[in-house]
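Asker: Sharing structure-v1.pdb below, PDB, C-alpha atoms:
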ATOM      1  CA  MET S 116       0.000   0.000   0.000  1.00  0.00           C
ATOM      2  CA  ASN S 117       1.394   3.393  -0.896  1.00  0.00           C
ATOM      3  CA  TRP S 118       1.548   6.273   1.577  1.00  0.00           C
ATOM      4  CA  LYS S 119      -1.117   8.335  -0.161  1.00  0.00           C
ATOM      5  CA  ALA S 120      -3.678   5.512   0.032  1.00  0.00           C
ATOM      6  CA  PHE S 121      -2.697   4.774   3.656  1.00  0.00           C
ATOM      7  CA  PHE S 122      -3.084   8.456   4.627  1.00  0.00           C
ATOM      8  CA  THR S 123      -6.504   8.629   2.913  1.00  0.00           C
ATOM      9  CA  LEU S 124      -7.640   5.483   4.738  1.00  0.00           C
ATOM     10  CA  ILE S 125      -6.584   6.968   8.101  1.00  0.00           C
ATOM     11  CA  LEU S 126      -8.503  10.183   7.326  1.00  0.00           C
ATOM     12  CA  PHE S 127     -11.674   8.200   6.529  1.00  0.00           C
ATOM     13  CA  ILE S 128     -11.365   6.225   9.756  1.00  0.00           C
ATOM     14  CA  LEU S 129     -10.886   9.390  11.825  1.00  0.00           C
ATOM     15  CA  ALA S 130     -13.821  11.099  10.113  1.00  0.00           C
ATOM     16  CA  GLY S 131     -15.990   8.057  10.845  1.00  0.00           C
ATOM     17  CA  CYS S 132     -15.031   8.141  14.527  1.00  0.00           C
ATOM     18  CA  LEU S 133     -15.835  11.843  14.816  1.00  0.00           C
ATOM     19  CA  THR S 134     -19.168  11.358  13.081  1.00  0.00           C
ATOM     20  CA  GLY S 135     -20.019   8.560  15.499  1.00  0.00           C
ATOM     21  CA  CYS S 136     -19.506  10.863  18.482  1.00  0.00           C
ATOM     22  CA  ALA S 137     -21.558  13.650  16.952  1.00  0.00           C
ATOM     23  CA  GLY S 138     -24.328  11.233  16.070  1.00  0.00           C
ATOM     24  CA  SER S 139     -24.706  10.181  19.715  1.00  0.00           C
ATOM     25  CA  ARG S 140     -26.098  13.627  20.600  1.00  0.00           C
ATOM     26  CA  THR S 141     -29.651  12.800  19.629  1.00  0.00           C
ATOM     27  CA  VAL S 142     -32.505  13.677  21.958  1.00  0.00           C
ATOM     28  CA  GLY S 143     -35.572  13.022  19.810  1.00  0.00           C
ATOM     29  CA  GLY S 144     -38.222  15.541  18.923  1.00  0.00           C
ATOM     30  CA  SER S 145     -40.213  17.905  21.101  1.00  0.00           C
ATOM     31  CA  TYR S 146     -43.928  17.798  21.794  1.00  0.00           C
ATOM     32  CA  VAL S 147     -46.304  20.138  23.567  1.00  0.00           C
ATOM     33  CA  GLY S 148     -49.794  18.835  24.233  1.00  0.00           C
ATOM     34  CA  THR S 149     -52.584  20.402  26.225  1.00  0.00           C
ATOM     35  CA  LEU S 150     -51.209  23.378  28.142  1.00  0.00           C
ATOM     36  CA  PRO S 151     -52.278  24.554  31.588  1.00  0.00           C
ATOM     37  CA  GLN S 152     -54.313  27.734  31.192  1.00  0.00           C
ATOM     38  CA  ASN S 153     -51.959  30.046  33.061  1.00  0.00           C
ATOM     39  CA  GLY S 154     -48.934  27.922  33.850  1.00  0.00           C
ATOM     40  CA  ALA S 155     -46.910  27.646  30.634  1.00  0.00           C
ATOM     41  CA  ALA S 156     -44.685  30.672  31.375  1.00  0.00           C
ATOM     42  CA  SER S 157     -44.019  29.489  34.948  1.00  0.00           C
ATOM     43  CA  ILE S 158     -43.067  26.016  33.752  1.00  0.00           C
ATOM     44  CA  ALA S 159     -40.755  27.488  31.086  1.00  0.00           C
ATOM     45  CA  GLU S 160     -39.058  29.695  33.701  1.00  0.00           C
ATOM     46  CA  ASP S 161     -38.597  26.697  36.001  1.00  0.00           C
ATOM     47  CA  ALA S 162     -37.083  24.635  33.168  1.00  0.00           C
ATOM     48  CA  SER S 163     -34.609  27.352  32.191  1.00  0.00           C
ATOM     49  CA  THR S 164     -33.614  27.831  35.853  1.00  0.00           C
ATOM     50  CA  GLN S 165     -32.926  24.099  36.120  1.00  0.00           C
ATOM     51  CA  LEU S 166     -30.849  24.192  32.928  1.00  0.00           C
ATOM     52  CA  ALA S 167     -28.877  27.156  34.325  1.00  0.00           C
ATOM     53  CA  SER S 168     -28.030  25.050  37.380  1.00  0.00           C
ATOM     54  CA  LEU S 169     -26.481  22.421  35.073  1.00  0.00           C
ATOM     55  CA  TYR S 170     -24.750  24.593  32.459  1.00  0.00           C
ATOM     56  CA  PRO S 171     -23.234  28.081  32.794  1.00  0.00           C
ATOM     57  CA  PRO S 172     -25.361  30.698  30.993  1.00  0.00           C
ATOM     58  CA  GLY S 173     -23.228  33.008  28.897  1.00  0.00           C
ATOM     59  CA  HIS S 174     -20.842  30.124  28.154  1.00  0.00           C
ATOM     60  CA  THR S 175     -23.309  27.578  26.786  1.00  0.00           C
ATOM     61  CA  SER S 176     -25.017  27.492  23.415  1.00  0.00           C
ATOM     62  CA  ILE S 177     -28.140  25.359  23.111  1.00  0.00           C
ATOM     63  CA  ARG S 178     -29.536  23.612  20.070  1.00  0.00           C
ATOM     64  CA  LEU S 179     -33.197  23.638  21.032  1.00  0.00           C
ATOM     65  CA  VAL S 180     -35.304  21.068  19.196  1.00  0.00           C
ATOM     66  CA  ALA S 181     -38.682  22.801  19.081  1.00  0.00           C
ATOM     67  CA  PRO S 182     -41.942  21.189  17.953  1.00  0.00           C
ATOM     68  CA  LYS S 183     -43.188  21.982  14.460  1.00  0.00           C
ATOM     69  CA  GLN S 184     -46.232  23.844  15.745  1.00  0.00           C
ATOM     70  CA  SER S 185     -45.787  27.113  17.609  1.00  0.00           C
ATOM     71  CA  ASP S 186     -47.154  27.236  21.155  1.00  0.00           C
ATOM     72  CA  ALA S 187     -47.016  29.456  24.247  1.00  0.00           C
ATOM     73  CA  PHE S 188     -44.680  27.155  26.201  1.00  0.00           C
ATOM     74  CA  SER S 189     -42.055  26.887  23.442  1.00  0.00           C
ATOM     75  CA  GLN S 190     -42.018  30.653  22.962  1.00  0.00           C
ATOM     76  CA  ALA S 191     -41.770  31.249  26.733  1.00  0.00           C
ATOM     77  CA  LEU S 192     -38.948  28.691  27.035  1.00  0.00           C
ATOM     78  CA  GLU S 193     -36.908  30.316  24.265  1.00  0.00           C
ATOM     79  CA  THR S 194     -37.405  33.757  25.823  1.00  0.00           C
ATOM     80  CA  SER S 195     -36.485  32.536  29.301  1.00  0.00           C
ATOM     81  CA  LEU S 196     -33.335  30.747  28.083  1.00  0.00           C
ATOM     82  CA  ARG S 197     -32.177  33.899  26.279  1.00  0.00           C
ATOM     83  CA  GLN S 198     -32.932  36.070  29.325  1.00  0.00           C
ATOM     84  CA  LYS S 199     -30.791  33.759  31.463  1.00  0.00           C
ATOM     85  CA  GLY S 200     -27.884  34.298  29.049  1.00  0.00           C
ATOM     86  CA  PHE S 201     -27.972  31.154  26.914  1.00  0.00           C
ATOM     87  CA  THR S 202     -27.306  31.374  23.195  1.00  0.00           C
ATOM     88  CA  LEU S 203     -29.745  29.432  21.016  1.00  0.00           C
ATOM     89  CA  SER S 204     -27.971  28.101  17.939  1.00  0.00           C
ATOM     90  CA  PRO S 205     -28.388  25.273  15.416  1.00  0.00           C
ATOM     91  CA  ASN S 206     -24.767  24.351  16.270  1.00  0.00           C
ATOM     92  CA  GLY S 207     -25.156  24.486  20.056  1.00  0.00           C
ATOM     93  CA  THR S 208     -22.839  22.549  22.361  1.00  0.00           C
ATOM     94  CA  VAL S 209     -25.868  21.258  24.290  1.00  0.00           C
ATOM     95  CA  THR S 210     -28.893  19.784  22.510  1.00  0.00           C
ATOM     96  CA  MET S 211     -32.275  19.836  24.242  1.00  0.00           C
ATOM     97  CA  SER S 212     -35.777  18.627  23.398  1.00  0.00           C
ATOM     98  CA  TYR S 213     -38.826  18.512  25.625  1.00  0.00           C
ATOM     99  CA  VAL S 214     -42.283  17.104  26.194  1.00  0.00           C
ATOM    100  CA  LEU S 215     -44.961  19.029  28.089  1.00  0.00           C
ATOM    101  CA  ASP S 216     -48.366  17.405  28.412  1.00  0.00           C
ATOM    102  CA  GLU S 217     -51.273  16.851  30.754  1.00  0.00           C
ATOM    103  CA  LEU S 218     -51.367  13.856  33.087  1.00  0.00           C
ATOM    104  CA  ARG S 219     -54.887  12.931  32.011  1.00  0.00           C
ATOM    105  CA  SER S 220     -55.727  10.633  34.904  1.00  0.00           C
ATOM    106  CA  ALA S 221     -54.534  13.043  37.625  1.00  0.00           C
ATOM    107  CA  LYS S 222     -57.073  14.610  39.958  1.00  0.00           C
ATOM    108  CA  PRO S 223     -56.694  17.560  40.419  1.00  0.00           C
ATOM    109  CA  PRO S 224     -55.302  18.269  36.927  1.00  0.00           C
ATOM    110  CA  ALA S 225     -51.522  18.078  36.623  1.00  0.00           C
ATOM    111  CA  TRP S 226     -48.898  18.427  33.894  1.00  0.00           C
ATOM    112  CA  TYR S 227     -45.487  16.890  33.361  1.00  0.00           C
ATOM    113  CA  LEU S 228     -42.386  18.231  31.710  1.00  0.00           C
ATOM    114  CA  GLN S 229     -39.590  16.045  30.414  1.00  0.00           C
ATOM    115  CA  LEU S 230     -36.317  17.630  29.272  1.00  0.00           C
ATOM    116  CA  ARG S 231     -33.983  15.482  27.179  1.00  0.00           C
ATOM    117  CA  ILE S 232     -30.487  16.960  27.159  1.00  0.00           C
ATOM    118  CA  ALA S 233     -27.324  15.804  25.391  1.00  0.00           C
ATOM    119  CA  ASP S 234     -23.871  17.276  25.650  1.00  0.00           C
ATOM    120  CA  LYS S 235     -20.473  15.970  24.545  1.00  0.00           C
ATOM    121  CA  SER S 236     -20.156  13.647  27.545  1.00  0.00           C
ATOM    122  CA  GLN S 237     -23.627  12.315  28.362  1.00  0.00           C
ATOM    123  CA  ASN S 238     -27.372  12.325  27.838  1.00  0.00           C
ATOM    124  CA  LYS S 239     -29.673  13.448  30.650  1.00  0.00           C
ATOM    125  CA  THR S 240     -33.411  13.184  31.116  1.00  0.00           C
ATOM    126  CA  LEU S 241     -35.044  15.477  33.663  1.00  0.00           C
ATOM    127  CA  ALA S 242     -38.729  15.296  34.562  1.00  0.00           C
ATOM    128  CA  ARG S 243     -41.041  17.217  36.875  1.00  0.00           C
ATOM    129  CA  SER S 244     -44.780  17.460  37.462  1.00  0.00           C
ATOM    130  CA  TYR S 245     -46.717  20.704  37.862  1.00  0.00           C
ATOM    131  CA  THR S 246     -50.078  21.932  39.090  1.00  0.00           C
ATOM    132  CA  ALA S 247     -52.554  23.639  36.771  1.00  0.00           C
ATOM    133  CA  SER S 248     -51.123  27.025  37.768  1.00  0.00           C
ATOM    134  CA  GLY S 249     -47.623  25.952  36.718  1.00  0.00           C
ATOM    135  CA  GLN S 250     -46.246  25.432  40.232  1.00  0.00           C
ATOM    136  CA  PRO S 251     -43.922  22.455  40.788  1.00  0.00           C
ATOM    137  CA  ALA S 252     -45.711  19.511  42.399  1.00  0.00           C
ATOM    138  CA  ALA S 253     -42.453  17.614  43.069  1.00  0.00           C
ATOM    139  CA  GLY S 254     -38.702  17.896  42.576  1.00  0.00           C
ATOM    140  CA  PHE S 255     -36.931  17.147  39.318  1.00  0.00           C
ATOM    141  CA  SER S 256     -36.148  13.506  38.702  1.00  0.00           C
ATOM    142  CA  SER S 257     -32.935  12.915  36.802  1.00  0.00           C
ATOM    143  CA  LEU S 258     -31.459  10.102  34.732  1.00  0.00           C
ATOM    144  CA  ALA S 259     -28.017  10.381  33.127  1.00  0.00           C
ATOM    145  CA  THR S 260     -26.671   7.926  30.579  1.00  0.00           C
ATOM    146  CA  GLY S 261     -23.356   7.723  28.837  1.00  0.00           C
ATOM    147  CA  GLY S 262     -20.142   9.254  29.969  1.00  0.00           C
ATOM    148  CA  GLY S 263     -16.728  10.257  28.790  1.00  0.00           C
ATOM    149  CA  ASP S 264     -15.647   6.620  28.271  1.00  0.00           C
ATOM    150  CA  HIS S 265     -17.723   5.913  25.141  1.00  0.00           C
ATOM    151  CA  GLU S 266     -16.313   8.502  22.785  1.00  0.00           C
TER     152      GLU S 266
END
Would it be possible to restate this file's structure as structure tokens?
Answerer:
Amino acid sequence: MNWKAFFTLILFILAGCLTGCAGSRTVGGSYVGTLPQNGAASIAEDASTQLASLYPPGHTSIRLVAPKQSDAFSQALETSLRQKGFTLSPNGTVTMSYVLDELRSAKPPAWYLQLRIADKSQNKTLARSYTASGQPAAGFSSLATGGGDHE
């Protein structure tokens, strides 16, 4: 094998490895179902505060995977993230999607929020339930997968 072919082969292997790492940053799509009448802005503020406790605002860019349809929660979340100092960018270092929907069987009515977050070292899923007025009904649950070893 000549050196030019060997060098090209090494470049393809390295490019494949880098693509594999970038491909692991998937978080799925976002979905917003039935919204609480007055609580969407409060839930968005709570979510952005939680994100600010995990990543430094002003030093973190977020690729926010928003649902196709526009809704009050998604708009409030984007506004709140920007106000906290996060940069929203298609090339963000942190990727985040979310699900906000009603817990249909709950009495009194309740909502849940799930944040799916991926950065270069791990994927995290955070979840919390809320009252109809957008007040937290419990603490955030957290699940982290992955780590620095797999890349």
Asker: May I have the residues at most 9 Å from (-40.3, 24.1, 19.9) in the file's coordinates, counting all atoms listed in the file, as a PDB file with C-alpha atoms, keeping the file's coordinate frame?
Answerer:
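Heads up, here's the output in point-v1.pdb:
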ATOM      1  CA  GLY S 144     -38.222  15.541  18.923  1.00  0.00           C
ATOM      2  CA  SER S 145     -40.213  17.905  21.101  1.00  0.00           C
ATOM      3  CA  TYR S 146     -43.928  17.798  21.794  1.00  0.00           C
ATOM      4  CA  VAL S 147     -46.304  20.138  23.567  1.00  0.00           C
ATOM      5  CA  LEU S 179     -33.197  23.638  21.032  1.00  0.00           C
ATOM      6  CA  VAL S 180     -35.304  21.068  19.196  1.00  0.00           C
ATOM      7  CA  ALA S 181     -38.682  22.801  19.081  1.00  0.00           C
ATOM      8  CA  PRO S 182     -41.942  21.189  17.953  1.00  0.00           C
ATOM      9  CA  LYS S 183     -43.188  21.982  14.460  1.00  0.00           C
ATOM     10  CA  GLN S 184     -46.232  23.844  15.745  1.00  0.00           C
ATOM     11  CA  SER S 185     -45.787  27.113  17.609  1.00  0.00           C
ATOM     12  CA  ASP S 186     -47.154  27.236  21.155  1.00  0.00           C
ATOM     13  CA  PHE S 188     -44.680  27.155  26.201  1.00  0.00           C
ATOM     14  CA  SER S 189     -42.055  26.887  23.442  1.00  0.00           C
ATOM     15  CA  GLN S 190     -42.018  30.653  22.962  1.00  0.00           C
ATOM     16  CA  LEU S 192     -38.948  28.691  27.035  1.00  0.00           C
ATOM     17  CA  GLU S 193     -36.908  30.316  24.265  1.00  0.00           C
ATOM     18  CA  SER S 212     -35.777  18.627  23.398  1.00  0.00           C
ATOM     19  CA  TYR S 213     -38.826  18.512  25.625  1.00  0.00           C
TER      20      TYR S 213
END
Asker: Output the residue selection produced by the PyMOL selection byres ((chain S and resi 248-251) around 10) on the file above, formatted as a VMD selection string.
Answerer: chain S and resid 150 to 161 224 to 227 243 to 247 252 to 255
Asker: Write the residues you've just listed into a file as an mmCIF file, in the coordinates of the input, and include C-alpha atoms for each of them.
Answerer:
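Result file result21.cif:
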data_model
loop_
_atom_site.group_PDB
_atom_site.id
_atom_site.type_symbol
_atom_site.label_atom_id
_atom_site.label_comp_id
_atom_site.auth_asym_id
_atom_site.auth_seq_id
_atom_site.Cartn_x
_atom_site.Cartn_y
_atom_site.Cartn_z
ATOM 1 C CA LEU S 150 -51.209 23.378 28.142
ATOM 2 C CA PRO S 151 -52.278 24.554 31.588
ATOM 3 C CA GLN S 152 -54.313 27.734 31.192
ATOM 4 C CA ASN S 153 -51.959 30.046 33.061
ATOM 5 C CA GLY S 154 -48.934 27.922 33.850
ATOM 6 C CA ALA S 155 -46.910 27.646 30.634
ATOM 7 C CA ALA S 156 -44.685 30.672 31.375
ATOM 8 C CA SER S 157 -44.019 29.489 34.948
ATOM 9 C CA ILE S 158 -43.067 26.016 33.752
ATOM 10 C CA ALA S 159 -40.755 27.488 31.086
ATOM 11 C CA GLU S 160 -39.058 29.695 33.701
ATOM 12 C CA ASP S 161 -38.597 26.697 36.001
ATOM 13 C CA PRO S 224 -55.302 18.269 36.927
ATOM 14 C CA ALA S 225 -51.522 18.078 36.623
ATOM 15 C CA TRP S 226 -48.898 18.427 33.894
ATOM 16 C CA TYR S 227 -45.487 16.890 33.361
ATOM 17 C CA ARG S 243 -41.041 17.217 36.875
ATOM 18 C CA SER S 244 -44.780 17.460 37.462
ATOM 19 C CA TYR S 245 -46.717 20.704 37.862
ATOM 20 C CA THR S 246 -50.078 21.932 39.090
ATOM 21 C CA ALA S 247 -52.554 23.639 36.771
ATOM 22 C CA ALA S 252 -45.711 19.511 42.399
ATOM 23 C CA ALA S 253 -42.453 17.614 43.069
ATOM 24 C CA GLY S 254 -38.702 17.896 42.576
ATOM 25 C CA PHE S 255 -36.931 17.147 39.318
#
Asker: Please report the interatomic distance between CA of Leu166 in chain S and CA of Arg178 in chain S in Å with one decimal.
Answerer: 12.9 Å
Asker: Choose the residue, out of S:Ser257, S:Thr210, S:Thr141, S:Thr202, that has the smallest atom-to-atom separation from His174 in chain S; count all atoms listed in the file.
Answerer: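 Closest to His174 in chain S, using all atoms listed in the file: S:Thr202.
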Asker: Can you turn the PyMOL selection byres ((chain S and resi 170) around 12) into a concrete residue list for this file, as a VMD selection string?
Answerer: chain S and resid 163 to 169 171 to 177 196 199 to 202 208 to 210 232 to 234
Asker: What does the structure give for the distance between CA of Thr240 in chain S and CA of Gln198 in chain S, in Å to one decimal?
Answerer: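 CA of Gln198 in chain S lies 23.0 Å from CA of Thr240 in chain S.
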Asker: For range 150-153 of chain S, I'd like the enclosing box, axis-aligned and padded by 3 Å on every side, reported as lines of an AutoDock Vina configuration file with centre and edge lengths in Å to one decimal.
Answerer:
center_x = -52.8
center_y = 26.7
center_z = 30.6
size_x = 9.1
size_y = 12.7
size_z = 10.9
Asker: Let me make sure I understand: among S:Thr149, S:Ser204, S:Thr260, S:Thr194, which one has the smallest atom-to-atom distance to Gln237 in chain S if we use all atoms listed in the file?
Answerer: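 For Gln237 in chain S, the nearest of the given residues is S:Thr260.
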Asker: Work out how far apart CA of Leu241 in chain S and CA of Leu203 in chain S are and give it in Å to one decimal.
Answerer: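 Spanning CA of Leu241 in chain S to CA of Leu203 in chain S is a straight-line distance of 19.6 Å.
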